[in-house]
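Shown below: upload_33.cif, with mmCIF, C-alpha atoms.
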data_structure
loop_
_atom_site.label_atom_id
_atom_site.label_comp_id
_atom_site.auth_asym_id
_atom_site.auth_seq_id
_atom_site.Cartn_x
_atom_site.Cartn_y
_atom_site.Cartn_z
CA MET B 993 224.67 -45.31 -37.68
CA ALA B 994 224.48 -45.20 -33.90
CA ALA B 995 222.16 -42.20 -34.09
CA ALA B 996 219.85 -43.99 -36.58
CA ALA B 997 219.73 -47.10 -34.37
CA GLY B 998 218.92 -45.00 -31.32
CA LEU B 999 216.12 -43.20 -33.19
CA GLN B 1000 214.63 -46.53 -34.36
CA LEU B 1001 214.63 -47.88 -30.79
CA LEU B 1002 212.94 -44.72 -29.55
CA LEU B 1003 210.20 -45.00 -32.19
CA ARG B 1004 209.59 -48.67 -31.31
CA ARG B 1005 209.16 -47.82 -27.62
CA PHE B 1006 206.82 -44.94 -28.51
CA CYS B 1007 204.64 -47.29 -30.60
CA CYS B 1008 204.47 -49.83 -27.74
CA LEU B 1009 203.42 -47.04 -25.37
CA LEU B 1010 200.65 -45.90 -27.76
CA LEU B 1011 199.40 -49.51 -28.12
CA PHE B 1012 199.33 -49.93 -24.35
CA LEU B 1013 197.45 -46.67 -23.83
CA SER B 1014 194.85 -47.54 -26.51
CA GLN B 1015 194.20 -50.99 -25.00
CA PHE B 1016 193.86 -49.48 -21.52
CA TYR B 1017 191.38 -46.92 -22.86
CA ILE B 1018 189.25 -49.59 -24.51
CA PHE B 1019 189.15 -51.97 -21.51
CA SER B 1020 188.31 -49.10 -19.16
CA GLY B 1021 184.98 -48.60 -20.99
CA GLY B 1022 185.71 -45.27 -22.57
CA GLY B 1023 185.93 -46.71 -26.06
CA SER B 1024 183.44 -49.61 -25.79
CA LEU B 1025 180.36 -49.70 -27.93
CA ASN B 1026 177.17 -48.99 -25.98
CA LEU B 1027 174.78 -51.55 -27.46
CA GLU B 1028 172.08 -50.89 -24.96
CA HIS B 1029 171.05 -47.62 -26.55
CA SER B 1030 170.79 -49.30 -29.92
CA GLN B 1031 168.07 -51.61 -28.52
CA PRO B 1032 164.44 -50.51 -28.14
CA MET B 1033 163.70 -49.03 -24.73
CA ALA B 1034 160.94 -51.53 -24.00
CA GLN B 1035 160.51 -55.03 -25.32
CA SER B 1036 158.15 -57.92 -24.59
CA ILE B 1037 159.45 -61.34 -23.70
CA LYS B 1038 156.99 -64.20 -23.96
CA ASP B 1039 157.06 -66.88 -21.29
CA PRO B 1040 156.63 -70.51 -22.50
CA GLY B 1041 153.33 -70.58 -20.62
CA PRO B 1042 150.30 -69.45 -22.60
CA THR B 1043 148.85 -67.10 -19.99
CA ARG B 1044 151.77 -65.09 -18.55
CA THR B 1045 153.65 -62.14 -20.11
CA PHE B 1046 156.93 -60.60 -18.90
CA THR B 1047 157.62 -56.97 -19.88
CA GLU B 1048 161.08 -55.42 -19.60
CA VAL B 1049 161.05 -51.66 -18.90
CA PRO B 1050 164.11 -49.41 -18.19
CA ARG B 1051 164.23 -48.02 -14.66
CA ALA B 1052 165.81 -44.71 -15.63
CA ALA B 1053 166.95 -43.09 -18.85
CA GLY B 1054 170.62 -43.61 -19.61
CA THR B 1055 171.12 -46.42 -17.05
CA ARG B 1056 172.00 -50.03 -17.69
CA HIS B 1057 169.72 -51.60 -15.03
CA PHE B 1058 166.27 -52.91 -15.87
CA VAL B 1059 163.21 -53.65 -13.74
CA PHE B 1060 160.90 -56.55 -14.67
CA TYR B 1061 157.17 -56.01 -14.27
CA ILE B 1062 155.10 -59.22 -14.32
CA GLU B 1063 151.50 -59.12 -15.41
CA SER B 1064 149.73 -62.38 -14.60
CA THR B 1065 146.60 -63.38 -16.49
CA GLU B 1066 146.34 -66.92 -15.15
CA ILE B 1067 142.83 -68.25 -14.50
CA PRO B 1068 142.41 -69.50 -10.91
CA PRO B 1069 141.91 -73.28 -10.79
CA TYR B 1070 138.61 -72.99 -8.90
CA MET B 1071 137.05 -71.10 -11.85
CA MET B 1072 136.52 -74.42 -13.64
CA LYS B 1073 133.86 -75.26 -11.04
CA CYS B 1074 132.23 -71.83 -10.79
CA PRO B 1075 129.32 -71.14 -13.17
CA SER B 1076 128.93 -67.54 -14.30
CA ASN B 1077 125.85 -65.43 -13.54
CA GLY B 1078 124.25 -68.12 -11.38
CA LEU B 1079 122.76 -67.75 -7.92
CA CYS B 1080 125.38 -66.96 -5.30
CA SER B 1081 123.79 -69.35 -2.83
CA ARG B 1082 124.06 -72.21 -5.35
CA LEU B 1083 127.78 -71.82 -6.02
CA PRO B 1084 130.04 -74.74 -5.14
CA ALA B 1085 131.91 -74.49 -1.85
CA ASP B 1086 135.24 -74.04 -3.68
CA CYS B 1087 133.97 -70.75 -5.16
CA VAL B 1088 133.09 -68.99 -1.89
CA GLU B 1089 134.65 -68.10 1.43
CA CYS B 1090 132.40 -68.23 4.49
CA LYS B 1091 132.82 -67.03 8.05
CA THR B 1092 131.91 -70.28 9.77
CA ASN B 1093 131.25 -70.74 13.48
CA PHE B 1094 132.30 -74.10 14.89
CA SER B 1095 130.37 -73.50 18.11
CA CYS B 1096 126.99 -73.95 16.45
CA VAL B 1097 124.60 -76.61 17.70
CA TYR B 1098 125.04 -79.89 15.83
CA GLY B 1099 122.13 -80.79 13.57
CA LYS B 1100 120.50 -77.36 13.82
CA PRO B 1101 120.03 -74.93 10.90
CA VAL B 1102 122.60 -72.15 10.80
CA ALA B 1103 123.31 -69.16 8.53
CA PHE B 1104 126.81 -67.97 7.60
CA ASP B 1105 128.04 -64.83 5.84
CA CYS B 1106 129.87 -65.73 2.63
CA THR B 1107 131.82 -63.86 -0.05
CA VAL B 1108 132.58 -65.07 -3.57
CA LYS B 1109 136.23 -65.52 -4.50
CA PRO B 1110 137.97 -63.16 -6.95
CA SER B 1111 136.93 -63.43 -10.63
CA VAL B 1112 133.65 -65.17 -9.67
CA THR B 1113 130.42 -63.47 -10.76
CA CYS B 1114 126.98 -64.36 -9.42
CA ILE B 1115 123.58 -62.80 -8.74
CA ASN B 1116 121.61 -62.60 -5.52
CA GLU B 1117 117.94 -63.31 -4.94
CA ASP B 1118 117.02 -59.93 -6.45
CA SER B 1119 118.73 -60.81 -9.76
CA ARG B 1120 121.49 -58.29 -9.11
CA PHE B 1121 125.20 -58.87 -9.20
CA GLY B 1122 126.65 -59.22 -5.74
CA LYS B 1123 129.64 -60.39 -3.78
CA ASN B 1124 128.26 -60.92 -0.28
CA PHE B 1125 125.40 -63.26 0.56
CA ILE B 1126 124.09 -65.54 3.30
CA ILE B 1127 124.07 -69.31 3.00
CA ASN B 1128 121.82 -71.61 5.03
CA MET B 1129 123.13 -75.03 6.01
CA THR B 1130 123.00 -77.65 8.75
CA CYS B 1131 125.58 -77.45 11.52
CA ARG B 1132 127.75 -80.55 11.06
CA PHE B 1133 131.26 -81.49 10.01
CA CYS B 1134 131.95 -82.92 6.59
CA TRP B 1135 132.74 -86.40 7.89
CA GLN B 1136 129.31 -86.45 9.58
CA LEU B 1137 127.42 -86.08 6.30
CA PRO B 1138 125.26 -88.93 4.98
CA GLU B 1139 126.90 -91.25 2.47
CA THR B 1140 124.96 -89.73 -0.42
CA ASP B 1141 126.71 -86.36 0.07
CA TYR B 1142 130.29 -87.50 -0.58
CA GLU B 1143 132.25 -89.82 -2.87
CA CYS B 1144 134.89 -92.27 -1.67
CA SER B 1145 137.64 -94.24 -3.35
CA ASN B 1146 137.09 -97.95 -3.94
CA SER B 1147 139.36 -100.86 -3.13
CA SER B 1148 139.49 -104.20 -4.98
CA SER B 1149 142.14 -105.78 -2.75
CA CYS B 1150 139.93 -106.71 0.22
CA MET B 1151 137.53 -109.62 0.72
CA THR B 1152 133.84 -108.75 0.75
CA VAL B 1153 132.78 -112.28 1.76
CA SER B 1154 134.47 -112.82 5.11
CA CYS B 1155 133.56 -113.11 8.77
CA PRO B 1156 133.86 -110.56 10.23
CA ARG B 1157 133.44 -108.27 7.24
CA GLN B 1158 136.61 -106.55 6.17
CA ARG B 1159 137.06 -102.78 6.00
CA TYR B 1160 139.45 -100.61 4.01
CA ALA B 1161 140.78 -97.07 4.41
CA ALA B 1162 139.09 -94.80 1.85
CA ASN B 1163 139.61 -91.13 0.96
CA CYS B 1164 136.28 -89.33 0.70
CA THR B 1165 135.50 -85.96 -0.90
CA VAL B 1166 132.32 -83.94 -0.35
CA ARG B 1167 130.25 -83.19 -3.44
CA ASP B 1168 130.62 -79.68 -4.88
CA HIS B 1169 127.26 -78.20 -3.90
CA ILE B 1170 127.21 -79.59 -0.35
CA HIS B 1171 128.32 -77.19 2.39
CA CYS B 1172 129.73 -78.40 5.70
CA LEU B 1173 132.27 -77.54 8.40
CA GLY B 1174 135.90 -78.62 8.43
CA ASN B 1175 137.96 -80.34 5.73
CA ARG B 1176 136.09 -81.35 2.60
CA THR B 1177 138.42 -84.34 2.09
CA PHE B 1178 138.70 -86.85 4.91
CA PRO B 1179 139.62 -90.54 5.51
CA LYS B 1180 137.01 -93.09 6.45
CA MET B 1181 136.89 -96.84 7.11
CA LEU B 1182 134.36 -98.49 4.81
CA TYR B 1183 133.19 -102.05 4.29
CA CYS B 1184 134.49 -103.86 1.22
CA ASN B 1185 131.70 -103.59 -1.34
CA TRP B 1186 133.26 -104.00 -4.77
CA THR B 1187 132.09 -106.49 -7.38
CA GLY B 1188 133.83 -108.53 -10.03
CA GLY B 1189 130.74 -108.87 -12.23
CA TYR B 1190 129.48 -112.26 -10.99
CA LYS B 1191 125.68 -112.68 -10.89
CA TRP B 1192 124.00 -114.46 -8.01
CA SER B 1193 121.15 -115.68 -10.25
CA THR B 1194 123.60 -117.25 -12.73
CA ALA B 1195 125.55 -119.02 -9.98
CA LEU B 1196 122.34 -120.40 -8.41
CA ALA B 1197 120.99 -121.59 -11.78
CA LEU B 1198 124.25 -123.41 -12.56
CA SER B 1199 124.26 -124.97 -9.10
CA ILE B 1200 120.75 -126.37 -9.56
CA THR B 1201 121.15 -127.63 -13.15
CA LEU B 1202 124.84 -128.48 -13.56
CA GLY B 1203 126.03 -128.47 -9.98
CA GLY B 1204 126.86 -132.17 -10.14
CA PHE B 1205 129.58 -131.36 -12.69
CA GLY B 1206 131.00 -128.44 -10.70
CA ALA B 1207 129.75 -125.79 -13.15
CA ASP B 1208 128.76 -123.43 -10.31
CA ARG B 1209 132.20 -123.62 -8.71
CA PHE B 1210 133.92 -123.16 -12.06
CA TYR B 1211 131.80 -120.08 -12.73
CA LEU B 1212 132.76 -118.54 -9.39
CA GLY B 1213 136.46 -119.11 -10.08
CA GLN B 1214 136.87 -121.91 -7.55
CA TRP B 1215 138.72 -124.42 -9.77
CA ARG B 1216 139.82 -126.91 -7.13
CA GLU B 1217 136.30 -127.30 -5.72
CA GLY B 1218 134.95 -127.53 -9.25
CA LEU B 1219 137.33 -130.37 -10.13
CA GLY B 1220 136.43 -132.11 -6.87
CA LYS B 1221 132.73 -132.01 -7.69
CA LEU B 1222 133.35 -133.08 -11.28
CA PHE B 1223 135.31 -136.24 -10.44
CA SER B 1224 133.12 -137.16 -7.47
CA PHE B 1225 129.87 -136.63 -9.39
CA GLY B 1226 128.85 -133.85 -7.04
CA GLY B 1227 129.81 -135.84 -3.96
CA LEU B 1228 127.20 -138.41 -5.01
CA GLY B 1229 124.60 -135.64 -4.96
CA ILE B 1230 125.22 -134.56 -1.38
CA TRP B 1231 127.77 -131.84 -2.23
CA THR B 1232 125.45 -130.57 -4.96
CA LEU B 1233 122.55 -130.10 -2.55
CA ILE B 1234 124.80 -128.37 -0.01
CA ASP B 1235 126.13 -125.93 -2.65
CA VAL B 1236 122.59 -125.07 -3.75
CA LEU B 1237 121.80 -124.04 -0.18
CA LEU B 1238 125.11 -122.18 0.38
CA ILE B 1239 124.88 -120.23 -2.89
CA GLY B 1240 121.19 -119.55 -2.31
CA VAL B 1241 121.85 -117.84 1.03
CA GLY B 1242 124.93 -116.07 -0.33
CA TYR B 1243 127.46 -117.84 1.90
CA VAL B 1244 129.50 -119.08 -1.08
CA GLY B 1245 130.61 -116.23 -3.31
CA PRO B 1246 133.18 -115.44 -6.03
CA ALA B 1247 136.75 -116.59 -5.46
CA ASP B 1248 138.11 -113.05 -5.76
CA GLY B 1249 136.16 -111.96 -2.68
CA SER B 1250 133.80 -109.59 -4.51
CA LEU B 1251 130.06 -109.22 -4.15
CA TYR B 1252 127.34 -110.53 -6.43
CA ILE B 1253 125.57 -108.11 -8.73
#

Could you take the file, read its structure, and then write that structure out as structure tokens?
Amino acid sequence: MAAAAGLQLLLRRFCCLLLFLSQFYIFSGGGSLNLEHSQPMAQSIKDPGPTRTFTEVPRAAGTRHFVFYIESTEIPPYMMKCPSNGLCSRLPADCVECKTNFSCVYGKPVAFDCTVKPSVTCINEDSRFGKNFIINMTCRFCWQLPETDYECSNSSSCMTVSCPRQRYAANCTVRDHIHCLGNRTFPKMLYCNWTGGYKWSTALALSITLGGFGADRFYLGQWREGLGKLFSFGGLGIWTLIDVLLIGVGYVGPADGSLYI
């Protein structure tokens, strides 16, 4: 009996040793399943964006490390402003890069060497495709351009009818086909010149015909003055005559501070 018990204990210990050795062999990587070789060697992974593709390619055969090659097909944002197969000299300023010289004489004609940006196609004066061309312009900074060559933001929070006239800080941007030196976007102080849709002719006509009842003041949004004229019968005619003169010369304007149209 003692011999049978000893043999059973020896078998149990031998089984535990085999279990331990098998687990050690598996965790050490010798018995793991290599799933990488069951996958294709190259696969394409689509990015959520519509214009970019990521391709995964193995760096070396039999290795587990991968190198990612990125092929970008994004369209540059300036291409939206660049017409194809047009004259190079007529391209917008955002489509070209010029070697400008800030030491030119102000107000004098000057010529600069320019190159079109990547992906931009244009033709020169000989109707041939080209990249390099010369552009003729006037030597001046962008903020020195006439008002017709740039667009500025408007403000409806300042008073146009005031003494002295009020100004507001505007952000101005040069038009696409105008070439100049320096930044194409710049700040500038401009006079308040917005309108609320009130007509000077309508206000004057109401002042002449129904001014005694305050119709002109009501039309311009001046309710307190309109009520005063209504209950005083136009100041017995005196206030009515004064308003006709003030509206006629443009001294009295809309209550919101805008200009007449």

Inset, instruction - Output the residue selection produced by the PyMOL selection byres ((chain B and resi 1194) around 12) on the file above, formatted as a list in words. - result: Gly1189, Tyr1190, Lys1191, Trp1192, Ser1193, Ala1195, Leu1196, Ala1197, Leu1198, Ser1199, Ile1200, Thr1201, Leu1202, Gly1203, Ala1207, Asp1208, Arg1209, Phe1210, Tyr1211, Leu1212, Val1236, Ile1239, Gly1240, Gly1245, Pro1246, Tyr1252 and Ile1253 of chain B

Given the file shown, enumerate the residues that the PyMOL selection byres ((chain B and resi 1133) around 8) captures and present them as an mmCIF file with C-alpha atoms, keeping the file's coordinate frame.
data_model
loop_
_atom_site.group_PDB
_atom_site.id
_atom_site.type_symbol
_atom_site.label_atom_id
_atom_site.label_comp_id
_atom_site.auth_asym_id
_atom_site.auth_seq_id
_atom_site.Cartn_x
_atom_site.Cartn_y
_atom_site.Cartn_z
ATOM 1 C CA CYS B 1131 125.580 -77.450 11.520
ATOM 2 C CA ARG B 1132 127.750 -80.550 11.060
ATOM 3 C CA CYS B 1134 131.950 -82.920 6.590
ATOM 4 C CA TRP B 1135 132.740 -86.400 7.890
ATOM 5 C CA GLN B 1136 129.310 -86.450 9.580
ATOM 6 C CA LEU B 1137 127.420 -86.080 6.300
ATOM 7 C CA CYS B 1172 129.730 -78.400 5.700
ATOM 8 C CA LEU B 1173 132.270 -77.540 8.400
ATOM 9 C CA GLY B 1174 135.900 -78.620 8.430
#

Legend entry - Non-local contacts of region 1122-1125 of chain B (9 Å; all atoms listed in the file; under 4 positions in same chain excluded) as a PyMOL selection string: chain B and resi 1080-1081+1104-1109+1112-1116

Pull C-alpha atoms from the residues just selected and write them as a PDB file, in the frame of the given file.
ATOM      1  CA  CYS B1080     125.380 -66.960  -5.300  1.00  0.00           C
ATOM      2  CA  SER B1081     123.790 -69.350  -2.830  1.00  0.00           C
ATOM      3  CA  PHE B1104     126.810 -67.970   7.600  1.00  0.00           C
ATOM      4  CA  ASP B1105     128.040 -64.830   5.840  1.00  0.00           C
ATOM      5  CA  CYS B1106     129.870 -65.730   2.630  1.00  0.00           C
ATOM      6  CA  THR B1107     131.820 -63.860  -0.050  1.00  0.00           C
ATOM      7  CA  VAL B1108     132.580 -65.070  -3.570  1.00  0.00           C
ATOM      8  CA  LYS B1109     136.230 -65.520  -4.500  1.00  0.00           C
ATOM      9  CA  VAL B1112     133.650 -65.170  -9.670  1.00  0.00           C
ATOM     10  CA  THR B1113     130.420 -63.470 -10.760  1.00  0.00           C
ATOM     11  CA  CYS B1114     126.980 -64.360  -9.420  1.00  0.00           C
ATOM     12  CA  ILE B1115     123.580 -62.800  -8.740  1.00  0.00           C
ATOM     13  CA  ASN B1116     121.610 -62.600  -5.520  1.00  0.00           C
TER      14      ASN B1116
END

Set up a box along x, y and z of the file covering all listed atoms of region 1086-1099 of chain B, add 8 Å on every one of the six sides, and write the centre and edge lengths in Å to one decimal, as JSON.
{"center_x": 128.7, "center_y": -73.9, "center_z": 6.5, "size_x": 29.1, "size_y": 29.8, "size_z": 39.3}

Legend entry - Residue IDs satisfying the PyMOL selection byres ((chain B and resi 1178-1188) around 7), as a PyMOL selection string: chain B and resi 1135+1148+1150-1152+1157-1165+1175-1177+1189-1190+1250-1253

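Pairwise distance (CA of Ser1095 (chain B), CA of Glu1143 (chain B)) equals 26.6 Å.
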
Legend entry - Among listed residues B:Gly1204, B:Gly1229, B:Gly1099, B:Pro1084, nearest Ile1127 (chain B) (using only C-alpha atoms): B:Pro1084

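CA of Asp1141 (chain B) is positioned 17.6 Å from CA of Lys1100 (chain B).
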
Inset, instruction - Go through B:His1169, B:Gly1206, B:Tyr1142, B:Thr1092 and flag the residue nearest Leu1233 (chain B), using only C-alpha atoms for the distances. - result: B:Gly1206

Please extract region 1138-1162 of chain B and write it out with N, CA and C atoms, as a PDB file, in the first residue's frame.
ATOM      1  N   PRO B1138      -6.309 102.505 -53.812  1.00  0.00           N
ATOM      2  CA  PRO B1138      -7.590 103.229 -53.773  1.00  0.00           C
ATOM      3  C   PRO B1138      -8.703 102.351 -53.226  1.00  0.00           C
ATOM      4  N   GLU B1139      -9.756 102.967 -52.765  1.00  0.00           N
ATOM      5  CA  GLU B1139     -10.838 102.231 -52.106  1.00  0.00           C
ATOM      6  C   GLU B1139     -11.525 101.235 -53.029  1.00  0.00           C
ATOM      7  N   THR B1140     -11.440 101.438 -54.325  1.00  0.00           N
ATOM      8  CA  THR B1140     -12.097 100.523 -55.255  1.00  0.00           C
ATOM      9  C   THR B1140     -11.339  99.196 -55.412  1.00  0.00           C
ATOM     10  N   ASP B1141     -10.112  99.114 -54.884  1.00  0.00           N
ATOM     11  CA  ASP B1141      -9.291  97.917 -55.065  1.00  0.00           C
ATOM     12  C   ASP B1141      -9.344  96.967 -53.872  1.00  0.00           C
ATOM     13  N   TYR B1142     -10.101  97.273 -52.852  1.00  0.00           N
ATOM     14  CA  TYR B1142     -10.211  96.366 -51.707  1.00  0.00           C
ATOM     15  C   TYR B1142     -11.620  96.449 -51.117  1.00  0.00           C
ATOM     16  N   GLU B1143     -11.966  95.424 -50.359  1.00  0.00           N
ATOM     17  CA  GLU B1143     -13.273  95.338 -49.701  1.00  0.00           C
ATOM     18  C   GLU B1143     -13.061  95.339 -48.196  1.00  0.00           C
ATOM     19  N   CYS B1144     -13.934  96.052 -47.489  1.00  0.00           N
ATOM     20  CA  CYS B1144     -13.814  96.189 -46.040  1.00  0.00           C
ATOM     21  C   CYS B1144     -15.098  95.734 -45.359  1.00  0.00           C
ATOM     22  N   SER B1145     -14.957  95.327 -44.125  1.00  0.00           N
ATOM     23  CA  SER B1145     -16.120  94.925 -43.332  1.00  0.00           C
ATOM     24  C   SER B1145     -16.922  96.154 -42.925  1.00  0.00           C
ATOM     25  N   ASN B1146     -18.222  95.964 -42.766  1.00  0.00           N
ATOM     26  CA  ASN B1146     -19.115  97.053 -42.380  1.00  0.00           C
ATOM     27  C   ASN B1146     -19.476  96.949 -40.912  1.00  0.00           C
ATOM     28  N   SER B1147     -19.861  98.074 -40.348  1.00  0.00           N
ATOM     29  CA  SER B1147     -20.285  98.129 -38.950  1.00  0.00           C
ATOM     30  C   SER B1147     -21.617  98.860 -38.868  1.00  0.00           C
ATOM     31  N   SER B1148     -22.574  98.289 -38.133  1.00  0.00           N
ATOM     32  CA  SER B1148     -23.886  98.912 -37.940  1.00  0.00           C
ATOM     33  C   SER B1148     -24.094  99.345 -36.495  1.00  0.00           C
ATOM     34  N   SER B1149     -22.984  99.490 -35.756  1.00  0.00           N
ATOM     35  CA  SER B1149     -23.079  99.884 -34.349  1.00  0.00           C
ATOM     36  C   SER B1149     -22.530 101.281 -34.099  1.00  0.00           C
ATOM     37  N   CYS B1150     -22.259 102.039 -35.145  1.00  0.00           N
ATOM     38  CA  CYS B1150     -21.749 103.401 -34.972  1.00  0.00           C
ATOM     39  C   CYS B1150     -22.737 104.383 -35.593  1.00  0.00           C
ATOM     40  N   MET B1151     -22.659 105.633 -35.173  1.00  0.00           N
ATOM     41  CA  MET B1151     -23.575 106.674 -35.624  1.00  0.00           C
ATOM     42  C   MET B1151     -22.999 107.372 -36.849  1.00  0.00           C
ATOM     43  N   THR B1152     -23.760 107.373 -37.943  1.00  0.00           N
ATOM     44  CA  THR B1152     -23.303 108.058 -39.145  1.00  0.00           C
ATOM     45  C   THR B1152     -23.611 109.548 -39.098  1.00  0.00           C
ATOM     46  N   VAL B1153     -24.683 109.915 -38.367  1.00  0.00           N
ATOM     47  CA  VAL B1153     -25.059 111.336 -38.238  1.00  0.00           C
ATOM     48  C   VAL B1153     -24.575 111.813 -36.880  1.00  0.00           C
ATOM     49  N   SER B1154     -23.397 112.356 -36.833  1.00  0.00           N
ATOM     50  CA  SER B1154     -22.823 112.866 -35.590  1.00  0.00           C
ATOM     51  C   SER B1154     -21.782 113.912 -35.942  1.00  0.00           C
ATOM     52  N   CYS B1155     -21.430 114.715 -34.981  1.00  0.00           N
ATOM     53  CA  CYS B1155     -20.429 115.763 -35.175  1.00  0.00           C
ATOM     54  C   CYS B1155     -19.423 115.699 -34.020  1.00  0.00           C
ATOM     55  N   PRO B1156     -18.164 115.356 -34.268  1.00  0.00           N
ATOM     56  CA  PRO B1156     -17.611 114.995 -35.587  1.00  0.00           C
ATOM     57  C   PRO B1156     -18.055 113.595 -36.018  1.00  0.00           C
ATOM     58  N   ARG B1157     -17.859 113.292 -37.278  1.00  0.00           N
ATOM     59  CA  ARG B1157     -18.281 111.990 -37.809  1.00  0.00           C
ATOM     60  C   ARG B1157     -17.513 110.873 -37.121  1.00  0.00           C
ATOM     61  N   GLN B1158     -18.213 109.810 -36.820  1.00  0.00           N
ATOM     62  CA  GLN B1158     -17.595 108.680 -36.145  1.00  0.00           C
ATOM     63  C   GLN B1158     -16.905 107.756 -37.146  1.00  0.00           C
ATOM     64  N   ARG B1159     -15.852 107.094 -36.655  1.00  0.00           N
ATOM     65  CA  ARG B1159     -15.131 106.095 -37.431  1.00  0.00           C
ATOM     66  C   ARG B1159     -15.226 104.745 -36.732  1.00  0.00           C
ATOM     67  N   TYR B1160     -14.927 103.695 -37.464  1.00  0.00           N
ATOM     68  CA  TYR B1160     -14.895 102.353 -36.902  1.00  0.00           C
ATOM     69  C   TYR B1160     -13.709 101.594 -37.487  1.00  0.00           C
ATOM     70  N   ALA B1161     -13.216 100.618 -36.735  1.00  0.00           N
ATOM     71  CA  ALA B1161     -12.078  99.807 -37.179  1.00  0.00           C
ATOM     72  C   ALA B1161     -12.569  98.692 -38.090  1.00  0.00           C
ATOM     73  N   ALA B1162     -12.142  98.706 -39.336  1.00  0.00           N
ATOM     74  CA  ALA B1162     -12.571  97.727 -40.340  1.00  0.00           C
ATOM     75  C   ALA B1162     -11.395  96.861 -40.766  1.00  0.00           C
TER      76      ALA B1162
END
